[in-house]
$ cat work.txt   # compact mmCIF, N, CA and C atoms
# COMPACT_ATOMS: atom_id res chain seq x y z
N MET A 1 -29.37 -23.69 20.88
CA MET A 1 -28.75 -23.20 19.65
C MET A 1 -29.27 -21.80 19.35
N LYS A 2 -28.38 -20.92 19.00
CA LYS A 2 -28.79 -19.57 18.63
C LYS A 2 -29.52 -19.60 17.30
N ARG A 3 -30.30 -18.59 17.07
CA ARG A 3 -31.00 -18.49 15.79
C ARG A 3 -29.98 -18.32 14.67
N PRO A 4 -30.17 -19.01 13.54
CA PRO A 4 -29.18 -18.94 12.45
C PRO A 4 -28.96 -17.53 11.91
N VAL A 5 -29.99 -16.70 11.88
CA VAL A 5 -29.84 -15.36 11.32
C VAL A 5 -28.96 -14.51 12.23
N SER A 6 -29.22 -14.55 13.53
CA SER A 6 -28.41 -13.73 14.45
C SER A 6 -26.98 -14.26 14.53
N LEU A 7 -26.80 -15.58 14.45
CA LEU A 7 -25.46 -16.15 14.47
C LEU A 7 -24.68 -15.73 13.23
N ASN A 8 -25.32 -15.76 12.07
CA ASN A 8 -24.65 -15.34 10.84
C ASN A 8 -24.31 -13.85 10.89
N ARG A 9 -25.19 -13.04 11.46
CA ARG A 9 -24.92 -11.60 11.59
C ARG A 9 -23.72 -11.37 12.51
N ASN A 10 -23.64 -12.10 13.60
CA ASN A 10 -22.51 -11.97 14.52
C ASN A 10 -21.21 -12.39 13.86
N VAL A 11 -21.25 -13.48 13.11
CA VAL A 11 -20.04 -13.98 12.44
C VAL A 11 -19.56 -12.99 11.40
N ARG A 12 -20.47 -12.49 10.59
CA ARG A 12 -20.06 -11.54 9.55
C ARG A 12 -19.56 -10.23 10.15
N GLY A 13 -20.14 -9.81 11.26
CA GLY A 13 -19.65 -8.62 11.94
C GLY A 13 -18.24 -8.81 12.47
N LEU A 14 -17.98 -10.00 13.03
CA LEU A 14 -16.64 -10.29 13.54
C LEU A 14 -15.62 -10.32 12.40
N ILE A 15 -16.00 -10.91 11.28
CA ILE A 15 -15.09 -10.96 10.12
C ILE A 15 -14.79 -9.54 9.63
N LEU A 16 -15.81 -8.70 9.56
CA LEU A 16 -15.61 -7.33 9.09
C LEU A 16 -14.71 -6.55 10.05
N GLU A 17 -14.92 -6.72 11.35
CA GLU A 17 -14.08 -6.01 12.33
C GLU A 17 -12.61 -6.41 12.20
N PHE A 18 -12.35 -7.71 12.08
CA PHE A 18 -10.96 -8.15 11.96
C PHE A 18 -10.36 -7.75 10.62
N ALA A 19 -11.15 -7.76 9.54
CA ALA A 19 -10.63 -7.36 8.23
C ALA A 19 -10.26 -5.87 8.23
N LEU A 20 -11.11 -5.05 8.84
CA LEU A 20 -10.77 -3.62 8.93
C LEU A 20 -9.56 -3.40 9.83
N GLY A 21 -9.47 -4.15 10.92
CA GLY A 21 -8.31 -4.04 11.79
C GLY A 21 -7.03 -4.44 11.09
N ALA A 22 -7.10 -5.49 10.28
CA ALA A 22 -5.93 -5.92 9.52
C ALA A 22 -5.51 -4.87 8.51
N ALA A 23 -6.48 -4.24 7.86
CA ALA A 23 -6.15 -3.19 6.90
C ALA A 23 -5.48 -2.01 7.61
N ILE A 24 -5.97 -1.68 8.79
CA ILE A 24 -5.36 -0.56 9.54
C ILE A 24 -3.94 -0.91 9.95
N VAL A 25 -3.73 -2.14 10.42
CA VAL A 25 -2.37 -2.55 10.81
C VAL A 25 -1.45 -2.52 9.60
N ALA A 26 -1.93 -3.01 8.45
CA ALA A 26 -1.08 -3.03 7.24
C ALA A 26 -0.76 -1.63 6.75
N LEU A 27 -1.59 -0.66 7.06
CA LEU A 27 -1.37 0.71 6.58
C LEU A 27 -0.66 1.60 7.59
N LEU A 28 -0.24 1.04 8.72
CA LEU A 28 0.46 1.86 9.71
C LEU A 28 1.73 2.47 9.10
N PRO A 29 1.91 3.77 9.25
CA PRO A 29 3.07 4.42 8.64
C PRO A 29 4.32 4.39 9.53
N ILE A 30 4.71 3.20 9.94
CA ILE A 30 5.89 3.05 10.79
C ILE A 30 7.03 2.54 9.90
N PRO A 31 8.11 3.30 9.78
CA PRO A 31 9.21 2.85 8.92
C PRO A 31 9.94 1.64 9.52
N HIS A 32 10.38 0.75 8.68
CA HIS A 32 11.16 -0.43 9.05
C HIS A 32 10.42 -1.34 10.03
N ALA A 33 9.11 -1.44 9.90
CA ALA A 33 8.33 -2.26 10.82
C ALA A 33 7.60 -3.38 10.10
N PHE A 34 8.19 -3.88 9.00
CA PHE A 34 7.53 -4.94 8.24
C PHE A 34 7.31 -6.19 9.07
N TRP A 35 8.31 -6.63 9.83
CA TRP A 35 8.17 -7.86 10.61
C TRP A 35 7.19 -7.68 11.76
N PHE A 36 7.17 -6.49 12.34
CA PHE A 36 6.19 -6.21 13.39
C PHE A 36 4.77 -6.29 12.84
N LYS A 37 4.56 -5.69 11.66
CA LYS A 37 3.24 -5.74 11.04
C LYS A 37 2.85 -7.16 10.68
N LEU A 38 3.81 -7.92 10.16
CA LEU A 38 3.53 -9.31 9.79
C LEU A 38 3.15 -10.14 11.00
N LEU A 39 3.88 -9.99 12.10
CA LEU A 39 3.54 -10.72 13.33
C LEU A 39 2.18 -10.28 13.87
N ALA A 40 1.89 -8.99 13.80
CA ALA A 40 0.60 -8.49 14.26
C ALA A 40 -0.54 -9.05 13.40
N LEU A 41 -0.33 -9.15 12.08
CA LEU A 41 -1.36 -9.71 11.20
C LEU A 41 -1.56 -11.20 11.46
N ILE A 42 -0.48 -11.92 11.73
CA ILE A 42 -0.61 -13.35 12.04
C ILE A 42 -1.36 -13.53 13.35
N ALA A 43 -1.06 -12.68 14.34
CA ALA A 43 -1.78 -12.76 15.62
C ALA A 43 -3.26 -12.43 15.43
N LEU A 44 -3.56 -11.41 14.63
CA LEU A 44 -4.96 -11.07 14.35
C LEU A 44 -5.68 -12.21 13.63
N MET A 45 -4.97 -12.87 12.72
CA MET A 45 -5.57 -13.99 12.00
C MET A 45 -5.91 -15.14 12.95
N GLY A 46 -5.00 -15.42 13.88
CA GLY A 46 -5.27 -16.46 14.87
C GLY A 46 -6.42 -16.09 15.78
N LEU A 47 -6.48 -14.84 16.19
CA LEU A 47 -7.59 -14.40 17.04
C LEU A 47 -8.93 -14.46 16.31
N MET A 48 -8.93 -14.09 15.02
CA MET A 48 -10.16 -14.16 14.25
C MET A 48 -10.62 -15.60 14.09
N THR A 49 -9.68 -16.49 13.80
CA THR A 49 -10.03 -17.90 13.64
C THR A 49 -10.59 -18.46 14.95
N ARG A 50 -9.95 -18.13 16.04
CA ARG A 50 -10.42 -18.60 17.35
C ARG A 50 -11.80 -18.04 17.68
N GLY A 51 -12.03 -16.76 17.36
CA GLY A 51 -13.33 -16.16 17.61
C GLY A 51 -14.43 -16.78 16.77
N LEU A 52 -14.13 -17.04 15.50
CA LEU A 52 -15.14 -17.67 14.63
C LEU A 52 -15.45 -19.09 15.07
N MET A 53 -14.43 -19.82 15.46
CA MET A 53 -14.66 -21.19 15.94
C MET A 53 -15.47 -21.16 17.24
N GLY A 54 -15.25 -20.15 18.06
CA GLY A 54 -16.02 -20.02 19.29
C GLY A 54 -17.49 -19.71 19.04
N LEU A 55 -17.76 -18.90 18.01
CA LEU A 55 -19.16 -18.60 17.69
C LEU A 55 -19.88 -19.81 17.10
N TRP A 56 -19.16 -20.64 16.37
CA TRP A 56 -19.77 -21.81 15.73
C TRP A 56 -19.62 -23.08 16.58
N ARG A 57 -19.32 -22.95 17.86
CA ARG A 57 -19.12 -24.15 18.69
C ARG A 57 -20.38 -25.02 18.66
N GLY A 58 -20.15 -26.31 18.59
CA GLY A 58 -21.25 -27.26 18.54
C GLY A 58 -21.71 -27.62 17.15
N HIS A 59 -21.25 -26.91 16.15
CA HIS A 59 -21.64 -27.20 14.77
C HIS A 59 -20.55 -28.04 14.11
N ARG A 60 -20.94 -29.09 13.47
CA ARG A 60 -19.99 -29.98 12.80
C ARG A 60 -20.22 -29.94 11.30
N PRO A 61 -19.19 -29.59 10.53
CA PRO A 61 -19.35 -29.56 9.07
C PRO A 61 -19.38 -30.97 8.48
N ASP A 62 -19.87 -31.07 7.25
CA ASP A 62 -19.92 -32.37 6.59
C ASP A 62 -18.58 -32.67 5.91
N ALA A 63 -18.47 -33.86 5.33
CA ALA A 63 -17.20 -34.31 4.76
C ALA A 63 -16.79 -33.49 3.54
N LEU A 64 -17.75 -33.08 2.74
CA LEU A 64 -17.42 -32.29 1.55
C LEU A 64 -16.85 -30.93 1.94
N ALA A 65 -17.32 -30.37 3.05
CA ALA A 65 -16.80 -29.08 3.51
C ALA A 65 -15.34 -29.19 3.90
N LYS A 66 -14.96 -30.30 4.47
CA LYS A 66 -13.56 -30.50 4.85
C LYS A 66 -12.67 -30.54 3.62
N LEU A 67 -13.17 -31.11 2.54
CA LEU A 67 -12.41 -31.16 1.30
C LEU A 67 -12.34 -29.78 0.64
N SER A 68 -13.44 -29.07 0.62
CA SER A 68 -13.47 -27.78 -0.07
C SER A 68 -12.82 -26.67 0.74
N PHE A 69 -12.54 -26.89 2.02
CA PHE A 69 -11.93 -25.85 2.84
C PHE A 69 -10.54 -25.48 2.32
N GLY A 70 -9.79 -26.45 1.83
CA GLY A 70 -8.48 -26.16 1.26
C GLY A 70 -8.57 -25.26 0.04
N PHE A 71 -9.58 -25.50 -0.81
CA PHE A 71 -9.78 -24.65 -1.97
C PHE A 71 -10.21 -23.25 -1.54
N SER A 72 -10.98 -23.17 -0.47
CA SER A 72 -11.39 -21.86 0.04
C SER A 72 -10.20 -21.08 0.56
N LEU A 73 -9.28 -21.75 1.23
CA LEU A 73 -8.08 -21.07 1.71
C LEU A 73 -7.22 -20.58 0.55
N ALA A 74 -7.11 -21.41 -0.49
CA ALA A 74 -6.36 -20.98 -1.68
C ALA A 74 -7.04 -19.78 -2.33
N GLY A 75 -8.37 -19.79 -2.38
CA GLY A 75 -9.11 -18.66 -2.93
C GLY A 75 -8.92 -17.40 -2.10
N ALA A 76 -8.85 -17.54 -0.78
CA ALA A 76 -8.60 -16.38 0.08
C ALA A 76 -7.22 -15.80 -0.20
N GLY A 77 -6.24 -16.67 -0.40
CA GLY A 77 -4.89 -16.19 -0.73
C GLY A 77 -4.87 -15.47 -2.07
N LEU A 78 -5.58 -16.02 -3.05
CA LEU A 78 -5.65 -15.36 -4.36
C LEU A 78 -6.41 -14.04 -4.28
N LEU A 79 -7.41 -13.98 -3.42
CA LEU A 79 -8.14 -12.73 -3.23
C LEU A 79 -7.23 -11.67 -2.61
N GLY A 80 -6.40 -12.07 -1.66
CA GLY A 80 -5.43 -11.14 -1.09
C GLY A 80 -4.43 -10.65 -2.13
N LEU A 81 -3.97 -11.55 -2.98
CA LEU A 81 -3.05 -11.17 -4.05
C LEU A 81 -3.72 -10.22 -5.03
N ALA A 82 -4.98 -10.50 -5.35
CA ALA A 82 -5.72 -9.61 -6.25
C ALA A 82 -5.92 -8.23 -5.62
N GLY A 83 -6.15 -8.20 -4.32
CA GLY A 83 -6.28 -6.90 -3.64
C GLY A 83 -4.99 -6.11 -3.68
N TRP A 84 -3.88 -6.81 -3.48
CA TRP A 84 -2.57 -6.15 -3.53
C TRP A 84 -2.28 -5.63 -4.94
N LEU A 85 -2.54 -6.46 -5.96
CA LEU A 85 -2.33 -6.03 -7.35
C LEU A 85 -3.28 -4.89 -7.72
N GLY A 86 -4.50 -4.94 -7.20
CA GLY A 86 -5.43 -3.84 -7.44
C GLY A 86 -4.94 -2.55 -6.81
N GLY A 87 -4.34 -2.65 -5.62
CA GLY A 87 -3.77 -1.46 -4.99
C GLY A 87 -2.60 -0.91 -5.78
N ILE A 88 -1.78 -1.80 -6.33
CA ILE A 88 -0.66 -1.34 -7.18
C ILE A 88 -1.20 -0.67 -8.44
N TRP A 89 -2.20 -1.26 -9.06
CA TRP A 89 -2.79 -0.69 -10.26
C TRP A 89 -3.41 0.68 -9.96
N LEU A 90 -4.09 0.77 -8.81
CA LEU A 90 -4.68 2.05 -8.42
C LEU A 90 -3.59 3.09 -8.18
N GLY A 91 -2.45 2.65 -7.64
CA GLY A 91 -1.32 3.56 -7.44
C GLY A 91 -0.70 4.03 -8.74
N ILE A 92 -0.78 3.21 -9.77
CA ILE A 92 -0.26 3.64 -11.08
C ILE A 92 -1.18 4.69 -11.69
N ILE A 93 -2.47 4.48 -11.58
CA ILE A 93 -3.44 5.42 -12.15
C ILE A 93 -3.48 6.72 -11.33
N PHE A 94 -3.56 6.58 -10.01
CA PHE A 94 -3.62 7.72 -9.10
C PHE A 94 -2.43 7.64 -8.15
N PRO A 95 -1.34 8.31 -8.42
CA PRO A 95 -0.11 8.16 -7.63
C PRO A 95 -0.26 8.47 -6.14
N TRP A 96 -1.19 9.32 -5.76
CA TRP A 96 -1.34 9.64 -4.34
C TRP A 96 -1.99 8.50 -3.55
N LEU A 97 -2.50 7.47 -4.23
CA LEU A 97 -3.09 6.30 -3.57
C LEU A 97 -2.17 5.08 -3.63
N ALA A 98 -0.90 5.30 -3.93
CA ALA A 98 0.03 4.18 -4.15
C ALA A 98 0.27 3.35 -2.90
N GLY A 99 0.14 3.92 -1.72
CA GLY A 99 0.43 3.19 -0.50
C GLY A 99 -0.71 2.35 0.04
N LEU A 100 -1.84 2.29 -0.65
CA LEU A 100 -3.00 1.57 -0.14
C LEU A 100 -2.99 0.08 -0.48
N GLY A 101 -2.05 -0.38 -1.28
CA GLY A 101 -2.01 -1.79 -1.68
C GLY A 101 -1.97 -2.77 -0.53
N PRO A 102 -1.10 -2.57 0.48
CA PRO A 102 -1.08 -3.51 1.60
C PRO A 102 -2.39 -3.54 2.39
N GLY A 103 -3.06 -2.41 2.49
CA GLY A 103 -4.35 -2.38 3.18
C GLY A 103 -5.41 -3.16 2.43
N PHE A 104 -5.44 -2.99 1.10
CA PHE A 104 -6.37 -3.76 0.28
C PHE A 104 -6.10 -5.26 0.41
N ALA A 105 -4.82 -5.61 0.36
CA ALA A 105 -4.45 -7.03 0.43
C ALA A 105 -4.83 -7.63 1.78
N ALA A 106 -4.55 -6.92 2.88
CA ALA A 106 -4.87 -7.45 4.20
C ALA A 106 -6.37 -7.58 4.39
N PHE A 107 -7.13 -6.57 3.95
CA PHE A 107 -8.59 -6.65 4.07
C PHE A 107 -9.14 -7.82 3.28
N ALA A 108 -8.69 -7.96 2.03
CA ALA A 108 -9.20 -9.03 1.17
C ALA A 108 -8.81 -10.41 1.71
N LEU A 109 -7.59 -10.55 2.22
CA LEU A 109 -7.16 -11.83 2.77
C LEU A 109 -7.96 -12.20 4.00
N PHE A 110 -8.15 -11.27 4.91
CA PHE A 110 -8.91 -11.56 6.12
C PHE A 110 -10.38 -11.81 5.81
N TRP A 111 -10.94 -11.05 4.88
CA TRP A 111 -12.34 -11.27 4.52
C TRP A 111 -12.50 -12.66 3.89
N GLY A 112 -11.61 -13.02 2.98
CA GLY A 112 -11.70 -14.33 2.34
C GLY A 112 -11.48 -15.47 3.33
N LEU A 113 -10.52 -15.34 4.23
CA LEU A 113 -10.28 -16.37 5.23
C LEU A 113 -11.46 -16.49 6.18
N GLY A 114 -12.01 -15.36 6.61
CA GLY A 114 -13.17 -15.41 7.50
C GLY A 114 -14.37 -16.05 6.83
N GLN A 115 -14.61 -15.72 5.58
CA GLN A 115 -15.73 -16.33 4.86
C GLN A 115 -15.50 -17.82 4.63
N ALA A 116 -14.25 -18.22 4.40
CA ALA A 116 -13.96 -19.65 4.23
C ALA A 116 -14.27 -20.41 5.52
N ILE A 117 -13.88 -19.86 6.66
CA ILE A 117 -14.18 -20.51 7.94
C ILE A 117 -15.68 -20.51 8.20
N ASN A 118 -16.33 -19.39 7.90
CA ASN A 118 -17.78 -19.30 8.11
C ASN A 118 -18.52 -20.33 7.28
N HIS A 119 -18.18 -20.46 6.01
CA HIS A 119 -18.87 -21.41 5.14
C HIS A 119 -18.51 -22.85 5.49
N TYR A 120 -17.34 -23.06 6.04
CA TYR A 120 -16.95 -24.39 6.50
C TYR A 120 -17.91 -24.87 7.58
N TYR A 121 -18.19 -24.01 8.54
CA TYR A 121 -19.11 -24.39 9.60
C TYR A 121 -20.56 -24.27 9.18
N LEU A 122 -20.86 -23.36 8.27
CA LEU A 122 -22.23 -23.18 7.80
C LEU A 122 -22.72 -24.38 7.01
N SER A 123 -21.82 -25.16 6.44
CA SER A 123 -22.23 -26.31 5.63
C SER A 123 -22.93 -27.36 6.47
N GLY A 124 -22.66 -27.43 7.75
CA GLY A 124 -23.33 -28.40 8.61
C GLY A 124 -24.67 -27.92 9.12
N LEU A 125 -25.06 -26.70 8.81
CA LEU A 125 -26.28 -26.13 9.36
C LEU A 125 -27.56 -26.74 8.80
N PRO A 126 -27.69 -27.08 7.50
CA PRO A 126 -28.97 -27.63 7.04
C PRO A 126 -29.40 -28.89 7.79
N LYS A 127 -28.46 -29.71 8.22
CA LYS A 127 -28.84 -30.88 9.01
C LYS A 127 -29.40 -30.44 10.35
N LEU A 128 -28.89 -29.35 10.89
CA LEU A 128 -29.36 -28.87 12.18
C LEU A 128 -30.70 -28.17 12.07
N LEU A 129 -31.02 -27.63 10.89
CA LEU A 129 -32.27 -26.90 10.74
C LEU A 129 -33.49 -27.80 10.82
N THR A 130 -33.34 -29.10 10.63
CA THR A 130 -34.48 -29.98 10.75
C THR A 130 -34.95 -30.05 12.20
N ASP A 131 -34.04 -29.80 13.15
CA ASP A 131 -34.41 -29.82 14.55
C ASP A 131 -34.76 -28.44 15.08
N PHE A 132 -34.68 -27.43 14.25
CA PHE A 132 -34.87 -26.06 14.70
C PHE A 132 -36.33 -25.65 14.54
N ASP A 133 -36.86 -24.99 15.53
CA ASP A 133 -38.25 -24.54 15.51
C ASP A 133 -38.29 -23.10 15.02
N PHE A 134 -38.94 -22.88 13.87
CA PHE A 134 -39.03 -21.55 13.30
C PHE A 134 -40.35 -20.85 13.64
N SER A 135 -41.14 -21.41 14.55
CA SER A 135 -42.45 -20.84 14.83
C SER A 135 -42.38 -19.51 15.54
N GLY A 136 -41.29 -19.24 16.25
CA GLY A 136 -41.15 -17.99 16.99
C GLY A 136 -41.76 -18.05 18.37
N GLU A 137 -42.38 -19.18 18.70
CA GLU A 137 -42.94 -19.33 20.04
C GLU A 137 -41.84 -19.67 21.02
N PRO A 138 -41.99 -19.26 22.27
CA PRO A 138 -40.96 -19.59 23.27
C PRO A 138 -40.85 -21.10 23.49
N ASP A 139 -39.64 -21.52 23.81
CA ASP A 139 -39.42 -22.94 24.07
C ASP A 139 -40.08 -23.35 25.39
N GLU A 140 -40.51 -24.60 25.42
CA GLU A 140 -41.07 -25.12 26.67
C GLU A 140 -39.94 -25.54 27.58
N THR A 141 -40.00 -25.12 28.81
CA THR A 141 -38.95 -25.50 29.76
C THR A 141 -39.54 -26.22 30.94
$ encode --input "work.txt" --output "structure tokens"
Amino acid sequence: MKRPVSLNRNVRGLILEFALGAAIVALLPIPHAFWFKLLALIALMGLMTRGLMGLWRGHRPDALAKLSFGFSLAGAGLLGLAGWLGGIWLGIIFPWLAGLGPGFAAFALFWGLGQAINHYYLSGLPKLLTDFDFSGEPDET
């Protein structure tokens, strides 16, 4: 098992990379490419989910995490909506920033979804920490 600190750092880095990539895709200045951007964002979301599940392989969440995962997904959707509305509000105040709403929404949605998946698998970690050696000494082989 990897050390929990390095695993969490890798997971958060992956979430940040995909969230920034989603924001860049959402802000591409290609006219009449809404469906292309939407398909690209869905593909990025699937790749992020697959990558996060690959990093957390071998970890099993508890029953309460399975129940709360649905609420986390709803929260990620609301976070994306809040990002989009915040971008619209920012565009009203500062008109030259009016086109940033989709980027804010994509970043917030991907960040919220990534954190929901991360916390889903992270909930099973305290049971695993009882078997983990924090002494820093090398393992006996």
$ residues_near_point --input "work.txt" --point "(-7.5, -8.0, 11.3)" --cutoff "6.5 Å" --atoms "only N, CA and C atoms" --output "ChimeraX atom specification"
/A:17-23,41,44-45,110
$ closest_residue --input "work.txt" --among "A:Ile24, A:Ala116, A:Ile30, A:Val5" --to "Leu67 of chain A" --atoms "only C-alpha atoms"
A:Ala116
$ closest_residue --input "work.txt" --among "A:Leu7, A:Leu81, A:Ala106, A:Ile15" --to "Met48 of chain A" --atoms "only C-alpha atoms"
A:Ile15
$ closest_residue --input "work.txt" --among "A:Ala82, A:Trp111, A:Trp96, A:Leu14" --to "Met53 of chain A" --atoms "only C-alpha atoms"
A:Leu14
$ residues_around --input "work.txt" --residues "Gly77 of chain A" --least-positions-apart "5" --cutoff "6.5 Å" --atoms "all atoms listed in the file" --output "list in words"
Ser72, Ala82, Leu109 and Leu113 of chain A
